[in-house]
file work-v7.tsv (TSV, C-alpha atoms)
chain	number	residue	atom	x	y	z
A	20	MET	CA	-9.11	15.82	15.38
A	21	ARG	CA	-7.51	16.02	11.94
A	22	HIS	CA	-9.28	13.87	9.32
A	23	ALA	CA	-11.50	12.42	12.03
A	24	GLU	CA	-14.07	11.04	9.57
A	25	PHE	CA	-11.39	8.50	8.59
A	26	ARG	CA	-9.89	7.89	12.04
A	27	HIS	CA	-12.72	8.11	14.62
A	28	HIS	CA	-14.86	4.96	14.72
A	29	ARG	CA	-18.11	6.88	15.05
A	30	LEU	CA	-17.35	9.32	12.24
A	31	VAL	CA	-16.25	6.50	9.95
A	32	GLN	CA	-19.84	5.25	10.18
A	33	VAL	CA	-21.12	8.71	9.28
A	34	TYR	CA	-18.74	8.93	6.34
A	35	ASP	CA	-19.92	5.57	5.03
A	36	ALA	CA	-23.57	6.56	5.39
A	37	GLU	CA	-23.03	9.90	3.67
A	38	CYS	CA	-20.75	8.83	0.83
A	39	ARG	CA	-22.79	6.43	-1.27
A	40	TRP	CA	-22.04	5.11	-4.74
A	41	GLY	CA	-22.24	7.86	-7.34
A	42	PRO	CA	-21.34	8.85	-10.91
A	43	ASP	CA	-17.69	9.24	-9.90
A	44	ASP	CA	-17.59	5.57	-8.89
A	45	ASP	CA	-19.24	4.60	-12.19
A	46	PHE	CA	-16.54	6.52	-14.03
A	47	PHE	CA	-13.63	4.97	-12.16
A	48	GLN	CA	-15.03	1.47	-12.51
A	49	THR	CA	-15.59	1.95	-16.25
A	50	VAL	CA	-12.00	3.10	-16.74
A	51	VAL	CA	-10.54	0.24	-14.70
A	52	ASP	CA	-12.72	-2.30	-16.51
A	53	GLU	CA	-11.05	-1.28	-19.79
A	54	THR	CA	-8.11	-3.39	-18.57
A	55	PRO	CA	-9.51	-6.91	-18.02
A	56	ALA	CA	-8.39	-8.70	-14.85
A	57	ALA	CA	-6.18	-5.74	-13.95
A	58	ARG	CA	-3.91	-5.46	-10.95
A	59	VAL	CA	-5.41	-2.36	-9.37
A	60	LEU	CA	-4.14	-0.01	-6.68
A	61	ASP	CA	-6.67	2.14	-4.82
A	62	LEU	CA	-4.53	4.69	-2.98
A	63	GLY	CA	-6.45	6.42	-0.22
A	64	CYS	CA	-9.12	3.75	-0.41
A	65	GLY	CA	-10.97	4.85	2.72
A	66	THR	CA	-13.76	2.46	3.70
A	67	GLY	CA	-13.46	0.59	0.41
A	68	ARG	CA	-16.65	1.43	-1.45
A	69	LEU	CA	-15.00	1.35	-4.88
A	70	THR	CA	-12.18	-0.98	-3.86
A	71	ILE	CA	-14.51	-3.87	-3.07
A	72	ALA	CA	-16.57	-3.28	-6.22
A	73	LEU	CA	-13.45	-3.50	-8.36
A	74	ALA	CA	-12.50	-6.80	-6.74
A	75	ALA	CA	-16.03	-8.12	-7.32
A	76	ALA	CA	-15.62	-7.23	-11.00
A	77	GLY	CA	-12.70	-9.65	-11.28
A	78	HIS	CA	-9.71	-7.41	-10.70
A	79	THR	CA	-6.87	-8.10	-8.27
A	80	VAL	CA	-7.13	-5.12	-5.95
A	81	THR	CA	-4.92	-3.59	-3.28
A	82	GLY	CA	-6.34	-0.86	-1.06
A	83	VAL	CA	-3.88	1.44	0.73
A	84	ASP	CA	-4.83	3.98	3.37
A	85	PRO	CA	-3.11	5.46	6.44
A	86	ALA	CA	-6.33	5.42	8.52
A	87	GLU	CA	-6.72	2.17	10.46
A	88	ALA	CA	-10.36	2.86	11.41
A	89	SER	CA	-11.33	3.21	7.75
A	90	LEU	CA	-9.50	0.01	6.83
A	91	ALA	CA	-11.21	-1.86	9.66
A	92	ALA	CA	-14.58	-0.81	8.26
A	93	ALA	CA	-13.50	-1.83	4.76
A	94	ARG	CA	-12.28	-5.27	5.87
A	95	ALA	CA	-15.60	-5.95	7.62
A	96	LYS	CA	-17.74	-5.30	4.56
A	97	PRO	CA	-19.08	-8.12	2.38
A	98	GLY	CA	-16.44	-8.84	-0.24
A	99	GLY	CA	-13.71	-7.19	1.82
A	100	GLU	CA	-11.85	-10.48	1.98
A	101	ARG	CA	-11.18	-10.28	-1.77
A	102	VAL	CA	-8.99	-7.17	-1.32
A	103	THR	CA	-5.44	-6.86	-0.02
A	104	TRP	CA	-5.62	-4.03	2.54
A	105	LEU	CA	-2.44	-2.18	3.52
A	106	ALA	CA	-2.12	0.47	6.21
A	107	GLY	CA	0.25	3.19	5.08
A	108	THR	CA	1.07	5.54	2.22
A	109	SER	CA	2.52	5.32	-1.27
A	110	THR	CA	6.00	4.78	0.19
A	111	LEU	CA	5.25	1.10	0.79
A	112	LEU	CA	4.21	0.30	-2.79
A	113	PRO	CA	6.15	-2.44	-4.59
A	114	GLU	CA	7.80	-1.72	-7.92
A	115	ARG	CA	6.01	-2.44	-11.22
A	116	ALA	CA	3.19	-4.27	-9.44
A	117	PHE	CA	0.04	-2.59	-10.83
A	118	ASP	CA	-1.66	-2.03	-14.17
A	119	VAL	CA	-4.01	0.72	-12.96
A	120	ALA	CA	-3.95	3.09	-10.00
A	121	VAL	CA	-6.90	5.17	-8.83
A	122	LEU	CA	-7.12	8.04	-6.34
A	123	THR	CA	-10.75	8.89	-5.69
A	124	SER	CA	-12.82	11.31	-3.61
A	125	HIS	CA	-10.31	14.11	-4.23
A	126	VAL	CA	-7.53	12.32	-2.34
A	127	ALA	CA	-5.00	14.10	-4.56
A	128	GLN	CA	-5.95	17.42	-2.97
A	129	PHE	CA	-4.82	16.26	0.46
A	130	PHE	CA	-1.22	16.38	-0.78
A	131	VAL	CA	-0.97	20.07	0.00
A	132	ASP	CA	2.77	20.53	-0.34
A	133	ASP	CA	4.19	20.33	-3.87
A	134	ALA	CA	7.06	18.14	-2.69
A	135	GLU	CA	4.60	15.70	-1.09
A	136	LEU	CA	2.60	15.45	-4.30
A	137	ALA	CA	5.79	14.95	-6.30
A	138	ARG	CA	6.91	12.11	-4.00
A	139	THR	CA	3.50	10.44	-4.25
A	140	LEU	CA	3.44	10.67	-8.05
A	141	ALA	CA	6.98	9.31	-8.17
A	142	ASP	CA	5.92	6.37	-6.00
A	143	LEU	CA	2.96	5.73	-8.30
A	144	ALA	CA	5.11	5.90	-11.43
A	145	ARG	CA	7.43	3.32	-9.89
A	146	ALA	CA	4.57	1.08	-8.76
A	147	LEU	CA	2.86	1.00	-12.16
A	148	VAL	CA	4.07	-1.03	-15.12
A	149	PRO	CA	5.26	0.91	-18.18
A	150	GLY	CA	2.10	2.14	-19.84
A	151	GLY	CA	0.15	1.62	-16.61
A	152	ARG	CA	-2.74	4.00	-16.06
A	153	LEU	CA	-3.35	6.55	-13.32
A	154	VAL	CA	-6.84	7.98	-12.83
A	155	PHE	CA	-7.77	10.58	-10.24
A	156	ASP	CA	-10.01	13.53	-9.51
A	157	ALA	CA	-9.39	17.01	-8.14
A	158	ARG	CA	-11.67	20.01	-7.92
A	159	ASP	CA	-11.20	22.82	-10.42
A	160	PRO	CA	-10.23	25.96	-8.47
A	161	ALA	CA	-12.15	28.06	-11.00
A	162	ASP	CA	-15.34	26.46	-9.62
A	163	ARG	CA	-14.56	27.94	-6.18
A	164	ARG	CA	-16.33	25.04	-4.45
A	165	TRP	CA	-15.06	26.12	-1.04
A	166	GLU	CA	-17.46	29.07	-1.11
A	167	LEU	CA	-20.28	26.56	-0.49
A	168	TRP	CA	-18.51	25.17	2.57
A	169	ASN	CA	-20.48	27.21	5.08
A	170	PRO	CA	-23.05	26.28	7.76
A	171	VAL	CA	-26.01	27.07	5.49
A	172	ASP	CA	-25.08	25.73	2.05
A	173	SER	CA	-23.23	22.65	3.35
A	174	HIS	CA	-25.78	21.56	5.97
A	175	ARG	CA	-26.97	18.00	5.54
A	176	LEU	CA	-28.83	15.39	7.59
A	177	VAL	CA	-27.16	11.99	7.56
A	178	THR	CA	-29.19	8.93	8.50
A	179	LEU	CA	-27.17	6.07	9.98
A	180	PRO	CA	-27.91	2.36	9.44
A	181	ASP	CA	-29.34	2.10	12.98
A	182	GLY	CA	-31.79	4.93	12.27
A	183	GLY	CA	-29.82	7.58	14.15
A	184	GLU	CA	-29.46	11.00	12.59
A	185	VAL	CA	-26.49	13.34	12.39
A	186	HIS	CA	-26.65	17.02	11.48
A	187	ALA	CA	-23.46	17.90	9.62
A	188	TRP	CA	-22.01	20.99	8.01
A	189	THR	CA	-18.65	22.33	6.86
A	190	GLU	CA	-17.03	25.66	7.66
A	191	VAL	CA	-13.99	27.17	5.94
A	192	THR	CA	-11.43	28.55	8.38
A	193	GLY	CA	-8.81	29.86	5.95
A	194	VAL	CA	-8.08	30.40	2.25
A	195	ARG	CA	-4.64	31.26	0.89
A	196	ASP	CA	-2.96	30.66	-2.48
A	197	GLY	CA	-5.15	27.70	-3.40
A	198	VAL	CA	-4.92	26.15	0.07
A	199	VAL	CA	-8.20	25.83	1.98
A	200	ASP	CA	-8.55	24.96	5.67
A	201	PHE	CA	-11.93	23.73	6.87
A	202	THR	CA	-13.74	21.97	9.69
A	203	HIS	CA	-16.57	19.46	9.46
A	204	HIS	CA	-19.12	19.67	12.30
A	205	TYR	CA	-21.11	16.59	13.33
A	206	HIS	CA	-24.00	16.78	15.84
A	207	PHE	CA	-25.42	13.40	16.86
A	208	ASP	CA	-28.98	12.95	18.09
A	209	ASP	CA	-27.64	11.78	21.46
A	210	GLY	CA	-26.04	15.21	21.99
A	211	GLU	CA	-22.43	14.37	21.11
A	212	GLU	CA	-20.60	16.85	18.88
A	213	LEU	CA	-17.48	15.86	16.98
A	214	LEU	CA	-15.23	18.01	14.79
A	215	SER	CA	-12.90	17.06	11.98
A	216	SER	CA	-10.42	19.53	10.50
A	217	ALA	CA	-8.48	19.25	7.25
A	218	THR	CA	-6.55	21.18	4.64
A	219	VAL	CA	-6.71	20.70	0.87
A	220	ARG	CA	-4.96	22.23	-2.11
A	221	PHE	CA	-6.75	23.41	-5.24
A	222	ARG	CA	-4.31	23.15	-8.17
A	223	THR	CA	-4.89	24.40	-11.69
A	224	GLU	CA	-4.95	22.05	-14.65
A	225	ALA	CA	-1.56	23.39	-15.72
A	226	GLU	CA	-0.08	22.67	-12.28
A	227	LEU	CA	-1.42	19.11	-12.31
A	228	ARG	CA	-0.12	18.48	-15.81
A	229	THR	CA	3.33	19.79	-14.89
A	230	SER	CA	3.53	17.62	-11.78
A	231	LEU	CA	2.49	14.53	-13.72
A	232	THR	CA	4.96	15.15	-16.53
A	233	ARG	CA	7.83	15.63	-14.09
A	234	ALA	CA	6.98	12.28	-12.48
A	235	GLY	CA	7.15	10.47	-15.82
A	236	PHE	CA	3.46	10.39	-16.73
A	237	ILE	CA	1.86	11.18	-20.05
A	238	VAL	CA	-1.47	12.96	-19.64
A	239	ASP	CA	-4.05	11.46	-21.99
A	240	ARG	CA	-7.15	13.45	-21.05
A	241	VAL	CA	-8.52	15.85	-18.48
A	242	HIS	CA	-12.30	15.99	-18.27
A	243	GLY	CA	-14.39	18.59	-16.49
A	244	GLY	CA	-16.98	16.13	-15.22
A	245	TRP	CA	-18.02	12.52	-14.83
A	246	HIS	CA	-19.59	12.28	-18.27
A	247	GLY	CA	-16.58	13.45	-20.24
A	248	GLU	CA	-17.48	17.15	-20.33
A	249	PRO	CA	-14.79	19.69	-21.23
A	250	VAL	CA	-13.04	21.43	-18.36
A	251	GLY	CA	-15.22	24.29	-17.13
A	252	HIS	CA	-18.43	22.75	-18.47
A	253	GLY	CA	-18.97	19.79	-16.17
A	254	ASP	CA	-19.11	19.18	-12.45
A	255	GLY	CA	-16.36	21.56	-11.38
A	256	GLU	CA	-13.88	18.71	-11.53
A	257	PHE	CA	-10.60	17.77	-13.10
A	258	VAL	CA	-10.93	14.08	-13.97
A	259	VAL	CA	-7.42	13.12	-14.99
A	260	LEU	CA	-6.36	10.10	-17.04
A	261	ALA	CA	-2.64	9.56	-17.43
A	262	ARG	CA	-0.19	6.72	-18.07
A	263	VAL	CA	3.39	5.93	-17.27
A	264	GLY	CA	5.71	6.63	-20.18
A	265	THR	CA	7.74	3.69	-21.39
A	266	LEU	CA	10.86	5.70	-20.59
A	267	ALA	CA	9.61	6.97	-17.24
A	268	PRO	CA	12.38	8.05	-14.85
A	269	VAL	CA	13.35	5.66	-12.09
A	270	PHE	CA	13.27	7.43	-8.72

call {"tool": "encode", "arguments": {"input": "work-v7.tsv", "output": "structure tokens"}}
result
Amino acid sequence: MRHAEFRHHRLVQVYDAECRWGPDDDFFQTVVDETPAARVLDLGCGTGRLTIALAAAGHTVTGVDPAEASLAAARAKPGGERVTWLAGTSTLLPERAFDVAVLTSHVAQFFVDDAELARTLADLARALVPGGRLVFDARDPADRRWELWNPVDSHRLVTLPDGGEVHAWTEVTGVRDGVVDFTHHYHFDDGEELLSSATVRFRTEAELRTSLTRAGFIVDRVHGGWHGEPVGHGDGEFVVLARVGTLAPVF
């Protein structure tokens, strides 16, 4: 199944158990908190780890995701009732409705086609107020993170809330022009094996900046890690902070 960790009820539980709060969440929350009582969009919100925390911090938060199983898990969490959850993509976003938009957990890399990324950025530019902020992360292709996506280096043991254990690993199945195909393997202790395939795009900093500028954004900063490191000297990340220009094009 494609993107099964977001769509299969059993793998959604594994995803939640594996993806705990981390320095990336601290960074995103700090940036959002710079705008008090902000209207926040979390696009690709998944199971709502950060989304719910932002609502608890006093922001008015909307979480958007195409995966119904992930949204169901998010709605069921404590504090989930404080968030407006929408099933879908950026195409359903209202105009000039948000002060800050976040895309976390490398969601931006799932827009593999340049035209798809352009449409998404255009939707975000339209949904943000003039001067509204966009914050997202993407892996730096120079870090070549996909080389660690193999059965040995990527192997991990995930413990579920009920005490069950899942052996998981990731295997790359294709690399071409910055596009990486891979499959996650999940072996449950009851013998069930589930697979989840996906494709992501590794774009250079220059490519990201060009796409943002064309969509009407002004790029304020690009960090290389979650503590403000320069690109190439952090966590192998591009942590991008941009804002909608006051004369942003209307799409």

call {"tool": "closest_residue", "arguments": {"input": "work-v7.tsv", "among": "A:Ala146, A:Ala161, A:Ala76, A:Ala36", "to": "Gly243 in chain A", "atoms": "only C-alpha atoms"}}
result
A:Ala161

call {"tool": "closest_residue", "arguments": {"input": "work-v7.tsv", "among": "A:Ser215, A:Thr79, A:Thr223, A:Thr49", "to": "Val198 in chain A", "atoms": "all atoms listed in the file"}}
result
A:Thr223

call {"tool": "closest_residue", "arguments": {"input": "work-v7.tsv", "among": "A:Leu179, A:Arg26, A:Asp44, A:Thr66", "to": "Pro97 in chain A", "atoms": "only C-alpha atoms"}}
result
A:Thr66

call {"tool": "closest_residue", "arguments": {"input": "work-v7.tsv", "among": "A:Leu143, A:Leu60, A:Val131, A:Ile71", "to": "Leu105 in chain A", "atoms": "all atoms listed in the file"}}
result
A:Leu60

call {"tool": "atom_distance", "arguments": {"input": "work-v7.tsv", "atom1": "CA of Val219 in chain A", "atom2": "CA of Asp132 in chain A"}}
result
9.6 Å

call {"tool": "closest_residue", "arguments": {"input": "work-v7.tsv", "among": "A:Val102, A:Val154, A:Leu112, A:Ala261", "to": "Val126 in chain A", "atoms": "only C-alpha atoms"}}
result
A:Val154

call {"tool": "axis_aligned_box", "arguments": {"input": "work-v7.tsv", "around": "range 115-124 of chain A", "padding_each_side": "3 Å", "output": "JSON"}}
result
{"center_x": -3.4, "center_y": 3.5, "center_z": -8.9, "size_x": 24.8, "size_y": 21.6, "size_z": 16.6}

call {"tool": "residues_around", "arguments": {"input": "work-v7.tsv", "residues": "Ala116 in chain A", "least_positions_apart": "6", "cutoff": "12 Å", "atoms": "all atoms listed in the file", "output": "ChimeraX atom specification"}}
result
/A:57-60,79-81,142-149,151

call {"tool": "residues_near_point", "arguments": {"input": "work-v7.tsv", "point": "(-19.5, 4.5, 8.6)", "cutoff": "10 Å", "atoms": "only C-alpha atoms", "output": "list in words"}}
result
Glu24, Phe25, His27, His28, Arg29, Leu30, Val31, Gln32, Val33, Tyr34, Asp35, Ala36, Glu37, Cys38, Thr66, Ala88, Ser89, Ala92, Ala93, Leu179 and Pro180 of chain A

call {"tool": "write_last_selection", "arguments": {"input": "work-v7.tsv", "atoms": "C-alpha atoms", "output": "compact mmCIF listing (two decimals), in the frame of the given file"}}
result
# COMPACT_ATOMS: atom_id res chain seq x y z
CA GLU A 24 -14.07 11.04 9.57
CA PHE A 25 -11.39 8.50 8.59
CA HIS A 27 -12.72 8.11 14.62
CA HIS A 28 -14.86 4.96 14.72
CA ARG A 29 -18.11 6.88 15.05
CA LEU A 30 -17.35 9.32 12.24
CA VAL A 31 -16.25 6.50 9.95
CA GLN A 32 -19.84 5.25 10.18
CA VAL A 33 -21.12 8.71 9.28
CA TYR A 34 -18.74 8.93 6.34
CA ASP A 35 -19.92 5.57 5.03
CA ALA A 36 -23.57 6.56 5.39
CA GLU A 37 -23.03 9.90 3.67
CA CYS A 38 -20.75 8.83 0.83
CA THR A 66 -13.76 2.46 3.70
CA ALA A 88 -10.36 2.86 11.41
CA SER A 89 -11.33 3.21 7.75
CA ALA A 92 -14.58 -0.81 8.26
CA ALA A 93 -13.50 -1.83 4.76
CA LEU A 179 -27.17 6.07 9.98
CA PRO A 180 -27.91 2.36 9.44

call {"tool": "residues_near_point", "arguments": {"input": "work-v7.tsv", "point": "(-17.2, 21.1, -12.6)", "cutoff": "9 Å", "atoms": "all atoms listed in the file", "output": "PyMOL selection string"}}
result
chain A and resi 158-159+161-162+243-245+248+250-257

call {"tool": "closest_residue", "arguments": {"input": "work-v7.tsv", "among": "A:Leu111, A:Ala120, A:Leu227, A:Leu73", "to": "Asp133 in chain A", "atoms": "all atoms listed in the file"}}
result
A:Leu227

call {"tool": "atom_distance", "arguments": {"input": "work-v7.tsv", "atom1": "CA of Arg195 in chain A", "atom2": "CA of Ala157 in chain A"}}
result
17.5 Å

call {"tool": "atom_distance", "arguments": {"input": "work-v7.tsv", "atom1": "CA of Trp104 in chain A", "atom2": "CA of Pro85 in chain A"}}
result
10.6 Å

call {"tool": "residues_around", "arguments": {"input": "work-v7.tsv", "residues": "Thr229 in chain A", "least_positions_apart": "4", "cutoff": "12 Å", "atoms": "only C-alpha atoms", "output": "JSON, numbers by chain"}}
result
{"A": [133, 136, 137, 140, 222, 223, 224, 225, 233, 234, 235, 236, 237, 238]}

call {"tool": "decode", "arguments": {"input": "work-v7.tsv", "residues": "range 34-58 of chain A", "atoms": "N, CA, C and O atoms", "output": "PDB file, in the first residue's frame"}}
result
ATOM      1  N   TYR A  34       3.193   4.346  13.553  1.00  0.00           N
ATOM      2  CA  TYR A  34       3.720   5.679  13.256  1.00  0.00           C
ATOM      3  C   TYR A  34       3.680   6.550  14.506  1.00  0.00           C
ATOM      4  O   TYR A  34       4.656   7.248  14.836  1.00  0.00           O
ATOM      5  N   ASP A  35       2.551   6.544  15.201  1.00  0.00           N
ATOM      6  CA  ASP A  35       2.412   7.360  16.397  1.00  0.00           C
ATOM      7  C   ASP A  35       3.410   6.950  17.475  1.00  0.00           C
ATOM      8  O   ASP A  35       3.986   7.802  18.159  1.00  0.00           O
ATOM      9  N   ALA A  36       3.624   5.643  17.620  1.00  0.00           N
ATOM     10  CA  ALA A  36       4.557   5.159  18.637  1.00  0.00           C
ATOM     11  C   ALA A  36       5.999   5.487  18.281  1.00  0.00           C
ATOM     12  O   ALA A  36       6.842   5.728  19.166  1.00  0.00           O
ATOM     13  N   GLU A  37       6.296   5.511  17.001  1.00  0.00           N
ATOM     14  CA  GLU A  37       7.672   5.744  16.549  1.00  0.00           C
ATOM     15  C   GLU A  37       8.023   7.215  16.500  1.00  0.00           C
ATOM     16  O   GLU A  37       9.169   7.602  16.781  1.00  0.00           O
ATOM     17  N   CYS A  38       7.073   8.044  16.142  1.00  0.00           N
ATOM     18  CA  CYS A  38       7.346   9.468  15.890  1.00  0.00           C
ATOM     19  C   CYS A  38       6.915  10.296  17.093  1.00  0.00           C
ATOM     20  O   CYS A  38       5.798  10.832  17.136  1.00  0.00           O
ATOM     21  N   ARG A  39       7.796  10.379  18.058  1.00  0.00           N
ATOM     22  CA  ARG A  39       7.528  11.130  19.280  1.00  0.00           C
ATOM     23  C   ARG A  39       7.960  12.596  19.105  1.00  0.00           C
ATOM     24  O   ARG A  39       8.619  12.950  18.142  1.00  0.00           O
ATOM     25  N   TRP A  40       7.606  13.394  20.088  1.00  0.00           N
ATOM     26  CA  TRP A  40       7.995  14.808  20.087  1.00  0.00           C
ATOM     27  C   TRP A  40       9.512  14.928  20.051  1.00  0.00           C
ATOM     28  O   TRP A  40      10.227  14.205  20.744  1.00  0.00           O
ATOM     29  N   GLY A  41      10.020  15.848  19.234  1.00  0.00           N
ATOM     30  CA  GLY A  41      11.458  16.009  19.092  1.00  0.00           C
ATOM     31  C   GLY A  41      11.857  17.450  18.888  1.00  0.00           C
ATOM     32  O   GLY A  41      11.026  18.375  18.964  1.00  0.00           O
ATOM     33  N   PRO A  42      13.142  17.700  18.612  1.00  0.00           N
ATOM     34  CA  PRO A  42      13.623  19.068  18.433  1.00  0.00           C
ATOM     35  C   PRO A  42      12.966  19.783  17.257  1.00  0.00           C
ATOM     36  O   PRO A  42      12.875  21.018  17.258  1.00  0.00           O
ATOM     37  N   ASP A  43      12.519  19.043  16.249  1.00  0.00           N
ATOM     38  CA  ASP A  43      11.804  19.679  15.149  1.00  0.00           C
ATOM     39  C   ASP A  43      10.482  20.273  15.628  1.00  0.00           C
ATOM     40  O   ASP A  43      10.123  21.395  15.262  1.00  0.00           O
ATOM     41  N   ASP A  44       9.771  19.543  16.495  1.00  0.00           N
ATOM     42  CA  ASP A  44       8.521  20.066  17.045  1.00  0.00           C
ATOM     43  C   ASP A  44       8.786  21.306  17.902  1.00  0.00           C
ATOM     44  O   ASP A  44       8.018  22.285  17.852  1.00  0.00           O
ATOM     45  N   ASP A  45       9.851  21.265  18.706  1.00  0.00           N
ATOM     46  CA  ASP A  45      10.218  22.438  19.504  1.00  0.00           C
ATOM     47  C   ASP A  45      10.433  23.649  18.603  1.00  0.00           C
ATOM     48  O   ASP A  45       9.989  24.759  18.915  1.00  0.00           O
ATOM     49  N   PHE A  46      11.123  23.429  17.482  1.00  0.00           N
ATOM     50  CA  PHE A  46      11.410  24.533  16.573  1.00  0.00           C
ATOM     51  C   PHE A  46      10.124  25.110  15.995  1.00  0.00           C
ATOM     52  O   PHE A  46       9.905  26.329  16.030  1.00  0.00           O
ATOM     53  N   PHE A  47       9.270  24.231  15.458  1.00  0.00           N
ATOM     54  CA  PHE A  47       8.032  24.722  14.849  1.00  0.00           C
ATOM     55  C   PHE A  47       7.158  25.450  15.873  1.00  0.00           C
ATOM     56  O   PHE A  47       6.591  26.500  15.577  1.00  0.00           O
ATOM     57  N   GLN A  48       7.062  24.903  17.068  1.00  0.00           N
ATOM     58  CA  GLN A  48       6.229  25.562  18.079  1.00  0.00           C
ATOM     59  C   GLN A  48       6.794  26.924  18.444  1.00  0.00           C
ATOM     60  O   GLN A  48       6.039  27.895  18.605  1.00  0.00           O
ATOM     61  N   THR A  49       8.116  27.023  18.579  1.00  0.00           N
ATOM     62  CA  THR A  49       8.744  28.306  18.903  1.00  0.00           C
ATOM     63  C   THR A  49       8.444  29.344  17.835  1.00  0.00           C
ATOM     64  O   THR A  49       8.113  30.506  18.143  1.00  0.00           O
ATOM     65  N   VAL A  50       8.546  28.952  16.571  1.00  0.00           N
ATOM     66  CA  VAL A  50       8.285  29.896  15.481  1.00  0.00           C
ATOM     67  C   VAL A  50       6.821  30.335  15.483  1.00  0.00           C
ATOM     68  O   VAL A  50       6.518  31.532  15.368  1.00  0.00           O
ATOM     69  N   VAL A  51       5.910  29.385  15.634  1.00  0.00           N
ATOM     70  CA  VAL A  51       4.485  29.743  15.642  1.00  0.00           C
ATOM     71  C   VAL A  51       4.173  30.649  16.823  1.00  0.00           C
ATOM     72  O   VAL A  51       3.419  31.626  16.695  1.00  0.00           O
ATOM     73  N   ASP A  52       4.760  30.367  17.980  1.00  0.00           N
ATOM     74  CA  ASP A  52       4.480  31.154  19.184  1.00  0.00           C
ATOM     75  C   ASP A  52       4.946  32.600  19.061  1.00  0.00           C
ATOM     76  O   ASP A  52       4.541  33.452  19.867  1.00  0.00           O
ATOM     77  N   GLU A  53       5.776  32.900  18.073  1.00  0.00           N
ATOM     78  CA  GLU A  53       6.190  34.288  17.850  1.00  0.00           C
ATOM     79  C   GLU A  53       5.029  35.159  17.386  1.00  0.00           C
ATOM     80  O   GLU A  53       5.108  36.389  17.449  1.00  0.00           O
ATOM     81  N   THR A  54       3.943  34.522  16.916  1.00  0.00           N
ATOM     82  CA  THR A  54       2.723  35.231  16.549  1.00  0.00           C
ATOM     83  C   THR A  54       1.652  34.847  17.571  1.00  0.00           C
ATOM     84  O   THR A  54       1.064  33.772  17.469  1.00  0.00           O
ATOM     85  N   PRO A  55       1.390  35.691  18.579  1.00  0.00           N
ATOM     86  CA  PRO A  55       0.439  35.313  19.629  1.00  0.00           C
ATOM     87  C   PRO A  55      -0.959  35.071  19.068  1.00  0.00           C
ATOM     88  O   PRO A  55      -1.423  35.782  18.167  1.00  0.00           O
ATOM     89  N   ALA A  56      -1.618  34.056  19.608  1.00  0.00           N
ATOM     90  CA  ALA A  56      -2.997  33.718  19.229  1.00  0.00           C
ATOM     91  C   ALA A  56      -3.157  33.673  17.711  1.00  0.00           C
ATOM     92  O   ALA A  56      -4.099  34.220  17.141  1.00  0.00           O
ATOM     93  N   ALA A  57      -2.235  33.004  17.053  1.00  0.00           N
ATOM     94  CA  ALA A  57      -2.225  32.954  15.587  1.00  0.00           C
ATOM     95  C   ALA A  57      -3.287  31.993  15.065  1.00  0.00           C
ATOM     96  O   ALA A  57      -3.680  31.036  15.723  1.00  0.00           O
ATOM     97  N   ARG A  58      -3.732  32.278  13.843  1.00  0.00           N
ATOM     98  CA  ARG A  58      -4.540  31.327  13.092  1.00  0.00           C
ATOM     99  C   ARG A  58      -3.562  30.467  12.304  1.00  0.00           C
ATOM    100  O   ARG A  58      -2.892  30.960  11.396  1.00  0.00           O
TER     101      ARG A  58
END
